[in-house]
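J.: Got a structure here, written out as structure tokens. Questions coming.
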Amino acid sequence: MQKRLFLGSIALAVATLAAGGAVAQTNTFKVGLILPMTGPFASTGRQIEAAAKLYMAQNGDNVAGKKIELIIKDDTGTPDVTKRLAQEMIVNDKVNVLAGFGLTPLAFATAPLATQSKTPMVVMAAATSSITQASPYIVRTSFTLPQVTVGIADWAPKNGIKKVVSLVSDYGPGIDAERTFKDRFTFNGGTVVEAVRVPLRNPDFAPFLQKVRDAKPDAVFAFVPSGAGSALMKQFAERGLDKAGIKLIATGDVTDDDILNDMGEVAVGVVTSHHYSAAHKSALNQKFVDAFSKANKGLRPNFMAVGGYDGMRVIYEALKTTKGKGDGEALLGAMKGQVFESPRGPVFIDAQTRDIVQNVYIRKVEKVGGQLYNVEFETIKDVKDPGKTK
Ligand code: DHB
């Protein structure tokens, strides 16, 4: 009798433990955030990590009865590492969602794994148009280069710029920017006299800028990834292109809010087109910029931060809609078609393309209260990625 009772209570304890274990496991919802936290693109990782943490601090870590667990891993900006980390997160950590992807090659390296494991993959940074076609499980909250390039290619010829040399980083987003600019600018009656491509890693812009100078264009149209704009701007001035009367026009990646304030006088007056400026005038953005800055020793959020912040929003809302169901297919369905106000302005996730539709703004670098900002002066509403139609 005594013995039976004892054994019974052990059985009960084991059963309780097992059930408790199972409950604890299914009550957790894991987001695997893979970012370049070190290496030349570390600023992208730092911005997105800070934004994801801010979103969680503001919205809690309990959603539809699940505890959200954010697992952050550094891929150093190397595709093989991103792929290995994603594999480990899927197999060992059993993450419900993969997120991050600071550069195009990192997103492409991971896309097949998302497809095989049916894991939604939220691309918060990488911006080559075709990325969303690499897996039906990809949803993008950043932008695409064709999406933001059309605006400046329309603005330039209306503002006295007829002859341009393009200068882009030689990989996916740069090629997208180069092609979109050329097509649109030519359609508008302008001429691209030379297309210059610069290596992505350790670029020395000087010889390429000399080529630009020799071609004597009205302007150079530039794309370089987040973080690289300072070096370009510095060498643009050192080579005397501004003194030679050559204007710089670009996508907003070049006048990145993360580094803009340190670029100095040479940046003042530069006109760019982009989907986000820290100076965007809305109550929501003001709140976002203040909270981000307060939580990160005065750091100014850039467009990468907004991609990360909105990516977390898309994940949270999908989990709410599916009432805490963690399965990939249901989550993906609930991510598609989301409409909301972002710090960048109104956005939606196109259910067909899984890409973000958003306003693109024409902006000019100006000094505001002693600080350099991209001040928006024209809005192109609800821009879809035009790259998909090609
Ligand atoms: C990509 C990276 C960037 O830092 C950026 O500003 C735009 C695009 C990319 O690799 O896709």
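To be explicit about the labels: the chains of the structure tokens are called A, B, and onward in the order shown, and within each one the residues are counted from 1, while ligands get numbers from 1 in the order they are shown.
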Applying 6 Å and only C-alpha atoms, which residues near segment 259-273 of chain A remain after dropping the ones on its own chain fewer than 2 positions away? List them as a VMD selection string.

T.: chain A and resid 148 151 to 152 230 249 to 252 255 to 257 361 to 366 372

J.: Using only C-alpha atoms and all ligand atoms, which protein or nucleic acid residues are at most 7 Å from ligand 1, as a PyMOL selection string?

T.: chain A and resi 44+102-105+125-128+172-173+224-227+253

J.: If we count only C-alpha atoms and set the cut-off at 12 Å, which residues sit around Lys162 of chain A, ignoring sequence neighbours fewer than 4 positions away in its own chain? Please answer as a list in words.

T.: Ala153, Asp154, Trp155, Ala156, Pro157, Lys158, Lys182, Phe185, Thr186, Phe187, Asn188, Gly189, Gly190, Thr191, Val192, Val193, Lys216, Pro217, Asp218, Ala219, Val220, Phe221, Ile246 and Lys247 of chain A

J.: Can you tell me which residues surround Ile131 of chain A at a distance of at most 12 Å, considering only C-alpha atoms, apart from same-chain residues fewer than 5 positions away, and format the answer as a PyMOL selection string?

T.: chain A and resi 101+103-112+121-126+136-140+142-145+172-173+176+353-355+385+387-388

J.: Keeping N, CA and C atoms, export the residues of the selection given above as an mmCIF file, in the first residue's frame.

T.:
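Listed below is the output, part15.cif:
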```
data_model
loop_
_atom_site.group_PDB
_atom_site.id
_atom_site.type_symbol
_atom_site.label_atom_id
_atom_site.label_comp_id
_atom_site.auth_asym_id
_atom_site.auth_seq_id
_atom_site.Cartn_x
_atom_site.Cartn_y
_atom_site.Cartn_z
ATOM 1 N N PHE A 101 18.826 39.586 -41.657
ATOM 2 C CA PHE A 101 19.370 39.561 -43.027
ATOM 3 C C PHE A 101 19.807 40.947 -43.484
ATOM 4 N N LEU A 103 22.288 41.925 -45.418
ATOM 5 C CA LEU A 103 22.780 42.155 -46.786
ATOM 6 C C LEU A 103 22.147 41.130 -47.716
ATOM 7 N N THR A 104 22.052 41.490 -48.972
ATOM 8 C CA THR A 104 21.436 40.622 -49.977
ATOM 9 C C THR A 104 21.996 39.189 -50.019
ATOM 10 N N PRO A 105 23.329 39.003 -50.065
ATOM 11 C CA PRO A 105 23.827 37.618 -50.168
ATOM 12 C C PRO A 105 23.437 36.766 -48.950
ATOM 13 N N LEU A 106 23.242 37.404 -47.809
ATOM 14 C CA LEU A 106 22.882 36.681 -46.581
ATOM 15 C C LEU A 106 21.444 36.178 -46.668
ATOM 16 N N ALA A 107 20.586 36.969 -47.275
ATOM 17 C CA ALA A 107 19.184 36.568 -47.454
ATOM 18 C C ALA A 107 19.084 35.431 -48.471
ATOM 19 N N PHE A 108 19.835 35.558 -49.565
ATOM 20 C CA PHE A 108 19.798 34.501 -50.592
ATOM 21 C C PHE A 108 20.336 33.174 -50.052
ATOM 22 N N ALA A 109 21.361 33.245 -49.190
ATOM 23 C CA ALA A 109 21.953 32.020 -48.643
ATOM 24 C C ALA A 109 20.958 31.264 -47.764
ATOM 25 N N THR A 110 20.032 31.975 -47.158
ATOM 26 C CA THR A 110 19.111 31.371 -46.188
ATOM 27 C C THR A 110 17.771 30.962 -46.796
ATOM 28 N N ALA A 111 17.389 31.603 -47.901
ATOM 29 C CA ALA A 111 16.061 31.376 -48.489
ATOM 30 C C ALA A 111 15.693 29.888 -48.678
ATOM 31 N N PRO A 112 16.597 29.041 -49.210
ATOM 32 C CA PRO A 112 16.218 27.630 -49.395
ATOM 33 C C PRO A 112 15.880 26.923 -48.081
ATOM 34 N N MET A 121 10.403 33.895 -43.009
ATOM 35 C CA MET A 121 11.703 34.568 -42.965
ATOM 36 C C MET A 121 11.460 36.056 -43.217
ATOM 37 N N VAL A 122 11.597 36.852 -42.172
ATOM 38 C CA VAL A 122 11.298 38.283 -42.279
ATOM 39 C C VAL A 122 12.583 39.048 -42.605
ATOM 40 N N VAL A 123 12.667 39.538 -43.832
ATOM 41 C CA VAL A 123 13.852 40.274 -44.279
ATOM 42 C C VAL A 123 13.693 41.734 -43.860
ATOM 43 N N MET A 124 14.544 42.156 -42.907
ATOM 44 C CA MET A 124 14.426 43.482 -42.302
ATOM 45 C C MET A 124 15.373 44.508 -42.914
ATOM 46 N N ALA A 125 16.329 44.053 -43.745
ATOM 47 C CA ALA A 125 17.332 44.988 -44.269
ATOM 48 C C ALA A 125 17.601 44.815 -45.764
ATOM 49 N N ALA A 126 17.940 43.602 -46.184
ATOM 50 C CA ALA A 126 18.388 43.365 -47.567
ATOM 51 C C ALA A 126 17.355 43.872 -48.571
ATOM 52 N N PRO A 136 8.916 31.363 -51.047
ATOM 53 C CA PRO A 136 7.556 31.827 -50.750
ATOM 54 C C PRO A 136 7.356 32.119 -49.263
ATOM 55 N N TYR A 137 8.367 31.828 -48.436
ATOM 56 C CA TYR A 137 8.267 32.080 -46.990
ATOM 57 C C TYR A 137 8.879 33.422 -46.584
ATOM 58 N N ILE A 138 9.379 34.174 -47.585
ATOM 59 C CA ILE A 138 9.983 35.479 -47.279
ATOM 60 C C ILE A 138 8.929 36.580 -47.271
ATOM 61 N N VAL A 139 8.996 37.398 -46.224
ATOM 62 C CA VAL A 139 8.205 38.624 -46.132
ATOM 63 C C VAL A 139 9.212 39.742 -45.880
ATOM 64 N N ARG A 140 9.067 40.884 -46.585
ATOM 65 C CA ARG A 140 10.082 41.927 -46.439
ATOM 66 C C ARG A 140 9.515 43.186 -45.792
ATOM 67 N N SER A 142 11.820 45.883 -45.284
ATOM 68 C CA SER A 142 12.794 46.954 -45.552
ATOM 69 C C SER A 142 12.336 47.793 -46.736
ATOM 70 N N PHE A 143 12.848 47.513 -47.911
ATOM 71 C CA PHE A 143 12.535 48.288 -49.116
ATOM 72 C C PHE A 143 13.220 47.587 -50.267
ATOM 73 N N THR A 144 13.066 48.110 -51.481
ATOM 74 C CA THR A 144 13.888 47.613 -52.585
ATOM 75 C C THR A 144 14.561 48.801 -53.265
ATOM 76 N N LEU A 145 15.698 48.539 -53.871
ATOM 77 C CA LEU A 145 16.407 49.627 -54.549
ATOM 78 C C LEU A 145 15.618 50.202 -55.714
ATOM 79 N N GLY A 172 24.005 42.886 -55.908
ATOM 80 C CA GLY A 172 22.562 42.952 -56.135
ATOM 81 C C GLY A 172 21.895 44.325 -56.064
ATOM 82 N N PRO A 173 21.875 44.959 -54.899
ATOM 83 C CA PRO A 173 21.153 46.228 -54.795
ATOM 84 C C PRO A 173 21.752 47.327 -55.667
ATOM 85 N N ASP A 176 20.612 46.716 -59.203
ATOM 86 C CA ASP A 176 19.195 47.150 -59.260
ATOM 87 C C ASP A 176 19.094 48.672 -59.387
ATOM 88 N N THR A 353 3.034 39.717 -53.435
ATOM 89 C CA THR A 353 4.502 39.731 -53.583
ATOM 90 C C THR A 353 5.226 39.530 -52.252
ATOM 91 N N ARG A 354 4.523 39.675 -51.129
ATOM 92 C CA ARG A 354 5.088 39.620 -49.773
ATOM 93 C C ARG A 354 6.123 40.733 -49.554
ATOM 94 N N ASP A 355 6.060 41.740 -50.401
ATOM 95 C CA ASP A 355 6.984 42.869 -50.290
ATOM 96 C C ASP A 355 6.240 44.078 -49.723
ATOM 97 N N ASP A 385 7.305 47.877 -55.379
ATOM 98 C CA ASP A 385 8.597 47.586 -55.989
ATOM 99 C C ASP A 385 8.411 47.439 -57.504
ATOM 100 N N GLY A 387 10.641 46.643 -59.547
ATOM 101 C CA GLY A 387 11.592 45.646 -60.051
ATOM 102 C C GLY A 387 10.945 44.337 -60.470
ATOM 103 N N LYS A 388 9.797 44.011 -59.860
ATOM 104 C CA LYS A 388 9.147 42.715 -60.099
ATOM 105 C C LYS A 388 8.556 42.554 -61.495
#
```

J.: Taking only C-alpha atoms into account, name the residue in A:Met233, A:Leu319, A:Ala278, A:Leu241 that is nearest to Glu376 of chain A.

T.: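 The answer is A:Ala278, which sits nearest to Glu376 of chain A.
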
J.: With distances taken over only C-alpha atoms, which of A:Phe377, A:Phe41, A:Tyr276, A:Tyr55 is nearest to Leu200 of chain A?

T.: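 Ranked by minimum distance to Leu200 of chain A, first place goes to A:Phe41.
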
J.: If we count only C-alpha atoms and set the cut-off at 7 Å, which residues sit around Val150 of chain A, ignoring sequence neighbours fewer than 6 positions away in its own chain? Please answer as a list in words.

T.: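 The filter keeps Thr180, Phe181 and Arg184 of chain A.
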
J.: Keeping only all heavy atoms, take the residues you just selected and write them out as a CSV table (one decimal), in the first residue's frame.

T.:
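Contents of the output file out.csv:
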```
chain,number,residue,atom,x,y,z
A,180,THR,N,17.7,50.6,-62.7
A,180,THR,CA,16.4,51.4,-62.5
A,180,THR,C,16.7,52.9,-62.8
A,180,THR,O,15.9,53.5,-63.5
A,180,THR,CB,15.9,51.3,-61.1
A,180,THR,OG1,15.8,49.9,-60.8
A,180,THR,CG2,14.6,52.0,-60.9
A,181,PHE,N,17.8,53.4,-62.4
A,181,PHE,CA,18.1,54.8,-62.6
A,181,PHE,C,18.3,55.0,-64.1
A,181,PHE,O,17.7,56.0,-64.7
A,181,PHE,CB,19.4,55.3,-61.9
A,181,PHE,CG,19.6,56.7,-62.0
A,181,PHE,CD1,19.0,57.6,-61.1
A,181,PHE,CD2,20.3,57.3,-63.1
A,181,PHE,CE1,19.1,59.0,-61.3
A,181,PHE,CE2,20.5,58.6,-63.3
A,181,PHE,CZ,19.9,59.5,-62.4
A,184,ARG,N,14.8,54.8,-66.1
A,184,ARG,CA,13.9,55.9,-65.8
A,184,ARG,C,14.4,57.2,-66.2
A,184,ARG,O,13.7,58.1,-66.8
A,184,ARG,CB,13.6,55.9,-64.3
A,184,ARG,CG,12.5,56.8,-63.8
A,184,ARG,CD,11.2,56.2,-64.2
A,184,ARG,NE,10.1,57.0,-63.7
A,184,ARG,CZ,8.9,56.5,-63.4
A,184,ARG,NH1,8.5,55.3,-63.8
A,184,ARG,NH2,7.9,57.3,-63.0
```

J.: Could you check the closest approach to Thr82 of chain A for each of A:Gly370, A:Gly100, A:Lys234, A:Thr321 and tell me which residue wins, using only C-alpha atoms?

T.: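 Counting only C-alpha atoms, the residue closest to Thr82 of chain A is A:Gly100.
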
J.: For Glu378 of chain A, which of A:Ala177, A:Met37, A:Lys83, A:Val360 is the closest residue, counting only C-alpha atoms?

T.: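 Closest to Glu378 of chain A of all the choices is A:Val360.
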